[in-house]
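Shown next: work.cif, containing mmCIF, C-alpha atoms.
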data_start
#
loop_
_atom_site.label_atom_id
_atom_site.label_comp_id
_atom_site.auth_asym_id
_atom_site.auth_seq_id
_atom_site.Cartn_x
_atom_site.Cartn_y
_atom_site.Cartn_z
CA MET A 1 -32.27 16.58 -13.09
CA LYS A 2 -28.92 17.94 -11.99
CA ALA A 3 -28.04 17.78 -8.31
CA ASN A 4 -27.75 20.99 -6.29
CA ILE A 5 -24.97 21.55 -3.75
CA GLU A 6 -25.18 24.20 -1.04
CA VAL A 7 -23.77 24.83 2.41
CA ILE A 8 -26.09 25.59 5.31
CA CYS A 9 -25.73 26.38 8.98
CA TYR A 10 -27.96 23.67 10.47
CA LYS A 11 -29.91 25.46 13.17
CA TYR A 12 -32.24 22.55 13.97
CA LYS A 13 -29.62 20.53 15.86
CA PRO A 14 -27.33 22.85 17.85
CA LEU A 15 -24.32 21.26 19.51
CA LYS A 16 -23.76 21.12 23.27
CA ASP A 17 -21.61 24.25 23.19
CA GLY A 18 -24.42 26.18 21.52
CA THR A 19 -22.78 26.34 18.08
CA LEU A 20 -24.47 25.19 14.88
CA PRO A 21 -22.88 22.59 12.58
CA LEU A 22 -22.03 23.51 9.00
CA MET A 23 -23.52 20.98 6.59
CA LEU A 24 -23.28 20.32 2.90
CA ARG A 25 -26.80 19.81 1.57
CA VAL A 26 -27.03 17.64 -1.56
CA THR A 27 -30.39 17.78 -3.36
CA LYS A 28 -31.59 15.83 -6.39
CA ASP A 29 -35.03 14.67 -7.50
CA ARG A 30 -36.57 16.15 -4.32
CA LYS A 31 -34.31 14.05 -2.14
CA ARG A 32 -31.78 15.50 0.27
CA LYS A 33 -28.65 14.35 2.03
CA TYR A 34 -26.66 16.25 4.63
CA VAL A 35 -22.90 15.88 4.98
CA SER A 36 -21.06 17.37 7.95
CA LEU A 37 -18.12 19.64 7.17
CA GLY A 38 -16.67 19.02 10.63
CA LEU A 39 -17.07 22.68 11.58
CA SER A 40 -19.51 24.63 13.71
CA LEU A 41 -19.97 28.28 14.64
CA HIS A 42 -22.34 30.54 16.56
CA GLU A 43 -25.50 31.65 14.80
CA LYS A 44 -24.46 35.30 14.94
CA PHE A 45 -21.52 34.62 12.65
CA TRP A 46 -23.54 33.11 9.78
CA ASP A 47 -25.39 34.98 7.06
CA PHE A 48 -28.44 32.76 6.48
CA GLU A 49 -29.64 34.72 3.46
CA LYS A 50 -26.33 34.56 1.55
CA GLY A 51 -25.32 31.16 2.91
CA LYS A 52 -21.82 32.15 4.00
CA PRO A 53 -19.89 33.38 7.06
CA LYS A 54 -20.33 37.01 8.08
CA ARG A 55 -17.43 39.45 7.89
CA ASN A 56 -16.85 39.28 11.65
CA CYS A 57 -16.76 35.47 11.69
CA PRO A 58 -13.59 34.07 13.30
CA ASN A 59 -11.40 32.14 10.83
CA LYS A 60 -13.65 33.40 8.03
CA GLU A 61 -11.10 32.84 5.23
CA GLN A 62 -10.26 29.27 6.29
CA ILE A 63 -13.96 28.38 6.53
CA GLU A 64 -14.64 29.83 3.10
CA ARG A 65 -11.74 27.89 1.59
CA LEU A 66 -13.05 24.66 3.08
CA ILE A 67 -16.56 25.36 1.81
CA ALA A 68 -15.24 26.14 -1.68
CA ALA A 69 -13.12 22.97 -1.75
CA LYS A 70 -15.94 20.68 -0.61
CA THR A 71 -18.44 22.25 -2.98
CA ALA A 72 -15.99 21.94 -5.87
CA GLU A 73 -15.44 18.22 -5.11
CA TYR A 74 -19.14 17.46 -5.46
CA ASN A 75 -19.66 19.71 -8.48
CA ASP A 76 -16.68 18.13 -10.27
CA LEU A 77 -18.12 14.66 -9.63
CA ILE A 78 -21.53 15.77 -10.94
CA VAL A 79 -19.94 17.15 -14.13
CA GLU A 80 -17.96 13.90 -14.59
CA MET A 81 -21.02 11.70 -14.16
CA THR A 82 -23.10 13.90 -16.45
CA ALA A 83 -20.41 13.84 -19.14
CA GLN A 84 -20.26 10.04 -18.92
CA GLN A 85 -24.08 9.87 -18.98
CA ARG A 86 -24.09 7.93 -15.73
CA GLU A 87 -27.19 7.84 -13.58
CA TYR A 88 -26.67 8.96 -10.00
CA THR A 89 -28.61 9.79 -6.86
CA VAL A 90 -27.87 11.81 -3.76
CA GLU A 91 -26.90 8.53 -2.09
CA THR A 92 -24.34 7.63 -4.76
CA LEU A 93 -22.84 11.13 -4.63
CA VAL A 94 -22.41 11.08 -0.87
CA SER A 95 -21.22 7.47 -0.70
CA HIS A 96 -18.55 8.19 -3.34
CA PHE A 97 -16.76 10.56 -0.98
CA HIS A 98 -17.69 8.72 2.20
CA ASN A 99 -15.97 5.55 0.97
CA GLN A 100 -12.82 7.32 -0.14
CA VAL A 101 -9.61 7.00 1.86
CA ARG A 102 -9.02 10.23 3.74
CA CYS A 103 -5.30 10.53 4.31
CA ALA A 104 -4.49 14.19 4.00
CA THR A 105 -0.78 13.91 4.80
CA VAL A 106 2.18 11.73 3.86
CA VAL A 107 2.54 10.17 7.30
CA GLU A 108 -1.19 9.34 7.47
CA LEU A 109 -1.01 7.30 4.26
CA TYR A 110 2.17 5.59 5.46
CA ASP A 111 0.40 4.64 8.71
CA LYS A 112 -2.61 3.30 6.81
CA LEU A 113 -0.52 1.23 4.39
CA ILE A 114 1.60 -0.22 7.21
CA ASP A 115 -1.52 -1.08 9.21
CA ASP A 116 -3.14 -2.74 6.16
CA MET A 117 -0.01 -4.82 5.55
CA LYS A 118 0.15 -5.96 9.16
CA ARG A 119 -3.51 -6.99 9.10
CA GLY A 120 -2.88 -8.87 5.86
CA GLY A 121 0.06 -10.76 7.36
CA LYS A 122 2.61 -9.01 5.12
CA LEU A 123 5.00 -8.27 7.97
CA GLY A 124 8.08 -8.09 5.73
CA ASN A 125 6.55 -5.39 3.53
CA ALA A 126 5.27 -3.57 6.60
CA GLY A 127 8.83 -3.49 7.94
CA VAL A 128 10.13 -1.96 4.71
CA TYR A 129 7.50 0.81 4.77
CA LYS A 130 8.08 1.41 8.47
CA TYR A 131 11.82 1.82 7.83
CA SER A 132 11.06 4.32 5.06
CA ARG A 133 8.68 6.27 7.29
CA THR A 134 11.24 6.40 10.11
CA SER A 135 13.88 7.73 7.71
CA LEU A 136 11.56 10.46 6.45
CA LEU A 137 10.60 11.45 9.98
CA LYS A 138 14.28 11.86 10.88
CA PHE A 139 14.93 13.91 7.74
CA THR A 140 12.00 16.24 8.40
CA GLY A 141 12.55 16.51 12.15
CA GLN A 142 9.34 14.58 12.88
CA ARG A 143 7.39 16.99 10.66
CA LEU A 144 5.84 14.63 8.12
CA GLN A 145 2.31 15.96 8.54
CA ILE A 146 2.57 17.51 5.10
CA PRO A 147 0.53 17.08 1.91
CA PHE A 148 2.05 15.08 -0.93
CA SER A 149 2.14 18.20 -3.08
CA ASP A 150 4.84 19.66 -0.76
CA ILE A 151 7.31 17.03 -1.98
CA ASP A 152 8.86 17.91 -5.34
CA ALA A 153 12.07 17.01 -7.17
CA VAL A 154 14.04 19.64 -5.21
CA TRP A 155 12.79 18.17 -1.92
CA LEU A 156 13.77 14.68 -3.07
CA ARG A 157 17.29 15.81 -3.98
CA ARG A 158 17.69 17.33 -0.50
CA TYR A 159 16.53 14.04 1.00
CA GLU A 160 19.05 12.14 -1.13
CA ASN A 161 21.88 14.43 -0.01
CA TRP A 162 20.86 13.97 3.62
CA LEU A 163 20.90 10.19 3.22
CA ARG A 164 24.38 10.29 1.70
CA THR A 165 25.77 12.47 4.49
CA SER A 166 24.21 9.96 6.91
CA GLY A 167 26.36 7.23 5.37
CA CYS A 168 23.74 5.45 3.23
CA GLY A 169 24.87 3.74 0.03
CA ASP A 170 23.06 3.52 -3.30
CA THR A 171 21.34 0.24 -2.44
CA THR A 172 19.77 1.61 0.75
CA ILE A 173 18.87 4.93 -0.90
CA SER A 174 17.31 3.11 -3.85
CA GLN A 175 15.15 1.01 -1.52
CA LEU A 176 14.00 4.09 0.43
CA PHE A 177 13.13 6.01 -2.73
CA ARG A 178 11.37 3.06 -4.36
CA THR A 179 9.24 2.70 -1.22
CA LEU A 180 8.44 6.42 -1.16
CA ARG A 181 7.59 6.28 -4.87
CA SER A 182 5.18 3.40 -4.27
CA VAL A 183 3.43 5.48 -1.58
CA PHE A 184 3.13 8.33 -4.10
CA ASN A 185 1.68 5.91 -6.66
CA LYS A 186 -0.91 4.87 -4.08
CA ALA A 187 -1.69 8.52 -3.34
CA VAL A 188 -2.34 9.15 -7.05
CA GLU A 189 -4.48 6.01 -7.25
CA LEU A 190 -6.57 7.17 -4.27
CA GLN A 191 -6.83 10.67 -5.77
CA LEU A 192 -4.96 12.18 -2.83
CA LEU A 193 -2.54 13.78 -5.28
CA LYS A 194 -3.03 15.12 -8.78
CA ARG A 195 -0.78 13.51 -11.40
CA ASP A 196 0.57 16.99 -12.24
CA TYR A 197 2.32 17.08 -8.85
CA TYR A 198 3.92 13.63 -9.16
CA PRO A 199 7.67 14.28 -8.60
CA PHE A 200 9.13 10.99 -9.81
CA ASP A 201 8.77 11.92 -13.48
CA ALA A 202 11.51 14.49 -12.96
CA TYR A 203 13.42 12.63 -10.24
CA LYS A 204 14.51 9.21 -11.52
CA VAL A 205 15.04 6.45 -8.96
CA SER A 206 16.69 4.28 -11.64
CA LYS A 207 19.85 6.41 -11.46
CA PHE A 208 21.08 4.62 -8.34
CA ASP A 209 23.72 1.94 -8.92
CA THR A 210 22.40 -1.02 -6.94
CA ARG A 211 24.57 -3.67 -8.53
CA THR A 212 26.12 -5.82 -5.81
CA LYS A 213 29.79 -6.59 -6.15
CA LYS A 214 30.28 -10.32 -6.62
CA ARG A 215 31.70 -12.03 -3.57
CA ALA A 216 33.00 -15.60 -3.50
CA ILE A 217 35.17 -17.70 -1.24
CA THR A 218 38.01 -19.76 -2.69
CA LYS A 219 37.94 -23.52 -3.18
CA GLU A 220 40.63 -23.77 -0.53
CA ASP A 221 38.34 -22.07 1.98
CA VAL A 222 35.53 -24.47 1.05
CA ARG A 223 37.86 -27.44 1.61
CA LYS A 224 38.70 -26.04 5.06
CA VAL A 225 35.02 -25.85 5.95
CA ILE A 226 34.43 -29.42 4.75
CA ALA A 227 37.42 -30.76 6.67
CA LEU A 228 36.61 -28.85 9.85
CA ASP A 229 36.38 -31.17 12.87
CA LEU A 230 33.18 -30.29 14.75
CA SER A 231 32.80 -33.58 16.60
CA GLN A 232 33.18 -31.77 19.91
CA GLY A 233 31.10 -28.79 18.88
CA TYR A 234 27.43 -27.98 19.27
CA PRO A 235 24.91 -29.89 17.10
CA SER A 236 23.81 -26.57 15.60
CA GLU A 237 27.36 -25.92 14.39
CA GLN A 238 27.49 -29.33 12.73
CA LEU A 239 24.11 -28.77 11.12
CA ALA A 240 25.18 -25.37 9.76
CA ARG A 241 28.32 -26.88 8.23
CA ASP A 242 26.41 -29.84 6.77
CA ILE A 243 23.79 -27.59 5.16
CA PHE A 244 26.56 -25.44 3.65
CA VAL A 245 28.32 -28.52 2.25
CA PHE A 246 25.05 -29.97 0.96
CA SER A 247 24.30 -26.69 -0.83
CA TYR A 248 27.84 -26.45 -2.24
CA PHE A 249 27.67 -29.89 -3.83
CA GLY A 250 23.98 -29.52 -4.64
CA ALA A 251 24.20 -26.94 -7.42
CA GLY A 252 23.83 -24.06 -4.95
CA ILE A 253 20.44 -25.10 -3.62
CA ASN A 254 19.29 -22.44 -1.14
CA PHE A 255 18.30 -22.99 2.46
CA ALA A 256 14.55 -22.59 1.91
CA ASP A 257 14.56 -25.43 -0.61
CA ILE A 258 16.82 -27.59 1.57
CA ALA A 259 14.38 -27.17 4.45
CA LEU A 260 11.57 -28.51 2.26
CA LEU A 261 13.45 -31.53 0.88
CA LYS A 262 12.19 -34.99 1.77
CA TYR A 263 13.71 -38.39 1.19
CA GLY A 264 11.19 -38.84 -1.59
CA ASN A 265 13.03 -36.11 -3.52
CA VAL A 266 16.01 -38.45 -3.88
CA ARG A 267 15.38 -40.78 -6.81
CA ASP A 268 17.74 -42.83 -9.02
CA GLY A 269 20.83 -41.20 -7.57
CA ARG A 270 19.57 -37.67 -8.22
CA VAL A 271 17.88 -34.91 -6.22
CA GLN A 272 14.66 -33.75 -7.88
CA TYR A 273 12.52 -30.92 -6.50
CA VAL A 274 10.55 -27.82 -7.49
CA ARG A 275 12.12 -24.55 -6.42
CA LYS A 276 9.86 -22.69 -3.98
CA LYS A 277 10.67 -19.19 -5.27
CA THR A 278 10.24 -19.74 -9.00
CA GLY A 279 8.30 -23.00 -9.29
CA LYS A 280 11.01 -24.28 -11.63
CA PRO A 281 11.85 -28.03 -11.50
CA ILE A 282 15.46 -28.72 -10.48
CA ASN A 283 17.37 -31.96 -11.00
CA PHE A 284 21.01 -32.64 -10.10
CA LEU A 285 23.36 -35.52 -9.29
CA LEU A 286 23.54 -36.74 -5.69
CA THR A 287 27.26 -36.73 -4.82
CA GLU A 288 28.98 -39.00 -2.31
CA GLU A 289 29.45 -36.06 0.10
CA MET A 290 25.71 -35.27 -0.01
CA ARG A 291 24.80 -38.94 0.39
CA ASN A 292 26.94 -39.15 3.55
CA ILE A 293 25.15 -36.15 5.03
CA ILE A 294 21.74 -37.71 4.30
CA VAL A 295 22.80 -41.01 5.91
CA LYS A 296 24.11 -39.14 8.95
CA TYR A 297 20.75 -37.51 9.68
CA GLN A 298 18.84 -40.65 8.74
CA ARG A 299 20.73 -42.47 11.51
CA GLN A 300 19.73 -39.74 13.94
CA GLY A 301 16.10 -40.81 13.70
CA GLN A 302 14.67 -39.12 10.62
CA THR A 303 11.96 -40.97 8.69
CA TRP A 304 11.28 -41.14 4.97
CA THR A 305 8.21 -38.92 5.37
CA ARG A 306 10.08 -36.10 7.11
CA GLY A 307 12.64 -33.63 5.85
CA LEU A 308 16.28 -34.47 5.32
CA PHE A 309 17.48 -32.24 8.14
#

Would you mind giving the structure from this file in structure tokens?
Amino acid sequence: MKANIEVICYKYKPLKDGTLPLMLRVTKDRKRKYVSLGLSLHEKFWDFEKGKPKRNCPNKEQIERLIAAKTAEYNDLIVEMTAQQREYTVETLVSHFHNQVRCATVVELYDKLIDDMKRGGKLGNAGVYKYSRTSLLKFTGQRLQIPFSDIDAVWLRRYENWLRTSGCGDTTISQLFRTLRSVFNKAVELQLLKRDYYPFDAYKVSKFDTRTKKRAITKEDVRKVIALDLSQGYPSEQLARDIFVFSYFGAGINFADIALLKYGNVRDGRVQYVRKKTGKPINFLLTEEMRNIIVKYQRQGQTWTRGLF
């Protein structure tokens, strides 16, 4: 039996202000469920026979649009389930929409994603999305309470021009647009936006030149750093120089991997470790300069079970 969807003015439980709540009544197999539409009105403004607002009802057109939209949501779901020959009840129909994420505007979804990332401990990602949200708020004059469908390719080009006049380069613009695109992808996934309104098919983020110009210091500059006398300086300055030198002679090992090195990683005159970022095993010759640095910190009280620095 197909479910029946209708809107009623629920007169049995008037609110404190005397108005009656508008409810969506879902009926199937003699079972009923009521879903609040979040609206209420006085009894005199509702036509109980026709099940719709009277002509003199305040905000009549807005109420009718909401009723039509909510009714269409449920009817579309019923048609989909029927076409797929899926069994359903009034409970499954109501729970389908009750469990959906309700973020009607761009800023609401941003806020939800940022909050989810913070709760999940992904503070770096949360910072990236927060930066993107702040940029969009500045561009729109704090008016980001807009549906995703309001943002099209023309809107995106205006945003790009605004970023450029604000002094942003391609790398920053690319990051901001890739973040915004990921929010749009999430909106499509959550069915907050129809794929037909997705603007990044027409507006390509890949057009930005994000290639970083190669920067390198000369060997002479490296020699100056190595020869620098820091005996009277702060221990932190000496440590910074020693880590730089260790990395220079250690095949460019990065700081994260240096911080994880232990004396056990030094075997048969070579440094052997697994890179944290890629999981790739690395093996290179231990030079005299690196050996001197290890001995220096070993003398300062390090043990063979602790890190090198």

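The result of the PyMOL selection byres ((chain A and resi 193-199) around 8) on the shown file is Phe148, Ser149, Ile151, Asp152, Ala153, Phe184, Ala187, Val188, Leu190, Gln191, Leu192, Phe200, Asp201, Ala202 and Tyr203 of chain A.
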
Exercise for the section: Considering all atoms listed in the file, return as a PyMOL selection string whatever protein or nucleic-acid residues lie within 10 Å of region 29-36 of chain A, sequence-local ones (same chain, fewer than 4 positions apart) excluded. Expected result: chain A and resi 1-8+10+21-25+40+89-91+93-94+98

Practice task
Around the point (-19.5, 26.7, 15.5) in the file's coordinates, collect all residues with an atom within 7 Å, using all atoms listed in the file, and return them as a PyMOL selection string.
Solution key: chain A and resi 19-21+39-42

Practice task
Using only C-alpha atoms, pick whichever of A:Asn56, A:Asn254, A:Thr27, A:Thr105 has the shortest atom-to-atom distance to Ile78 (chain A).
Solution key: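 Counting only C-alpha atoms, the residue closest to Ile78 (chain A) is A:Thr27.
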
Practice task
Could you please determine the separation between CA of Ile63 (chain A) and CA of Lys28 (chain A) in Å, to one decimal place?
Solution key: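 Separating CA of Ile63 (chain A) from CA of Lys28 (chain A) is a distance of 25.2 Å.
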
Problem - Answer key for the PyMOL selection byres ((chain A and resi 180) around 12), residues as an MDAnalysis selection string - result: chainID A and resid 106:107 109:110 113 128:136 148 151 156 159 173:179 181:187 198:200 205

Written selection (C-alpha atoms) as a compact mmCIF listing (two decimals), keeping the file's coordinate frame:
# COMPACT_ATOMS: atom_id res chain seq x y z
CA VAL A 106 2.18 11.73 3.86
CA VAL A 107 2.54 10.17 7.30
CA LEU A 109 -1.01 7.30 4.26
CA TYR A 110 2.17 5.59 5.46
CA LEU A 113 -0.52 1.23 4.39
CA VAL A 128 10.13 -1.96 4.71
CA TYR A 129 7.50 0.81 4.77
CA LYS A 130 8.08 1.41 8.47
CA TYR A 131 11.82 1.82 7.83
CA SER A 132 11.06 4.32 5.06
CA ARG A 133 8.68 6.27 7.29
CA THR A 134 11.24 6.40 10.11
CA SER A 135 13.88 7.73 7.71
CA LEU A 136 11.56 10.46 6.45
CA PHE A 148 2.05 15.08 -0.93
CA ILE A 151 7.31 17.03 -1.98
CA LEU A 156 13.77 14.68 -3.07
CA TYR A 159 16.53 14.04 1.00
CA ILE A 173 18.87 4.93 -0.90
CA SER A 174 17.31 3.11 -3.85
CA GLN A 175 15.15 1.01 -1.52
CA LEU A 176 14.00 4.09 0.43
CA PHE A 177 13.13 6.01 -2.73
CA ARG A 178 11.37 3.06 -4.36
CA THR A 179 9.24 2.70 -1.22
CA ARG A 181 7.59 6.28 -4.87
CA SER A 182 5.18 3.40 -4.27
CA VAL A 183 3.43 5.48 -1.58
CA PHE A 184 3.13 8.33 -4.10
CA ASN A 185 1.68 5.91 -6.66
CA LYS A 186 -0.91 4.87 -4.08
CA ALA A 187 -1.69 8.52 -3.34
CA TYR A 198 3.92 13.63 -9.16
CA PRO A 199 7.67 14.28 -8.60
CA PHE A 200 9.13 10.99 -9.81
CA VAL A 205 15.04 6.45 -8.96

Completion exercise
Pairwise distance, CA of Leu15 (chain A) with CA of Ile67 (chain A), equals 19.8 Å

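Interatomic distance, CA of Gly264 (chain A) to CA of Leu286 (chain A): 13.2 Å.
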
Problem - Within 9 Å of Val225 (chain A) using only C-alpha atoms, minus same-chain residues under 4 positions, as a ChimeraX atom specification - result: /A:220-221,229,241,244-245

Exercise for the section: Carefully work through the PyMOL selection byres ((chain A and resi 240) around 12) for this structure and note down the residues it includes, as a ChimeraX atom specification. Expected result: /A:225-226,228,230,233-239,241-247,255,258,293,309

As an mmCIF file with C-alpha atoms, in the frame of the given file, please: the residues near Gly250 (chain A) (cut-off 8 Å, all atoms listed in the file, same-chain neighbours under 6 positions excluded).
data_model
loop_
_atom_site.group_PDB
_atom_site.id
_atom_site.type_symbol
_atom_site.label_atom_id
_atom_site.label_comp_id
_atom_site.auth_asym_id
_atom_site.auth_seq_id
_atom_site.Cartn_x
_atom_site.Cartn_y
_atom_site.Cartn_z
ATOM 1 C CA PHE A 284 21.010 -32.640 -10.100
ATOM 2 C CA LEU A 285 23.360 -35.520 -9.290
ATOM 3 C CA LEU A 286 23.540 -36.740 -5.690
ATOM 4 C CA THR A 287 27.260 -36.730 -4.820
ATOM 5 C CA MET A 290 25.710 -35.270 -0.010
#

Give the padded box for region 128-147 of chain A as AutoDock Vina command-line options: axis-aligned, covering all atoms listed in the file, 3 Å on each side, centre and edge lengths in Å to one decimal.
--center_x 7.7 --center_y 7.8 --center_z 7.4 --size_x 20.4 --size_y 25.5 --size_z 17.0

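Taking all atoms listed in the file into account, Lys277 (chain A) lies nearest to A:Ile253 out of the set A:Lys11, A:Ile253, A:Gln298, A:Ile146.
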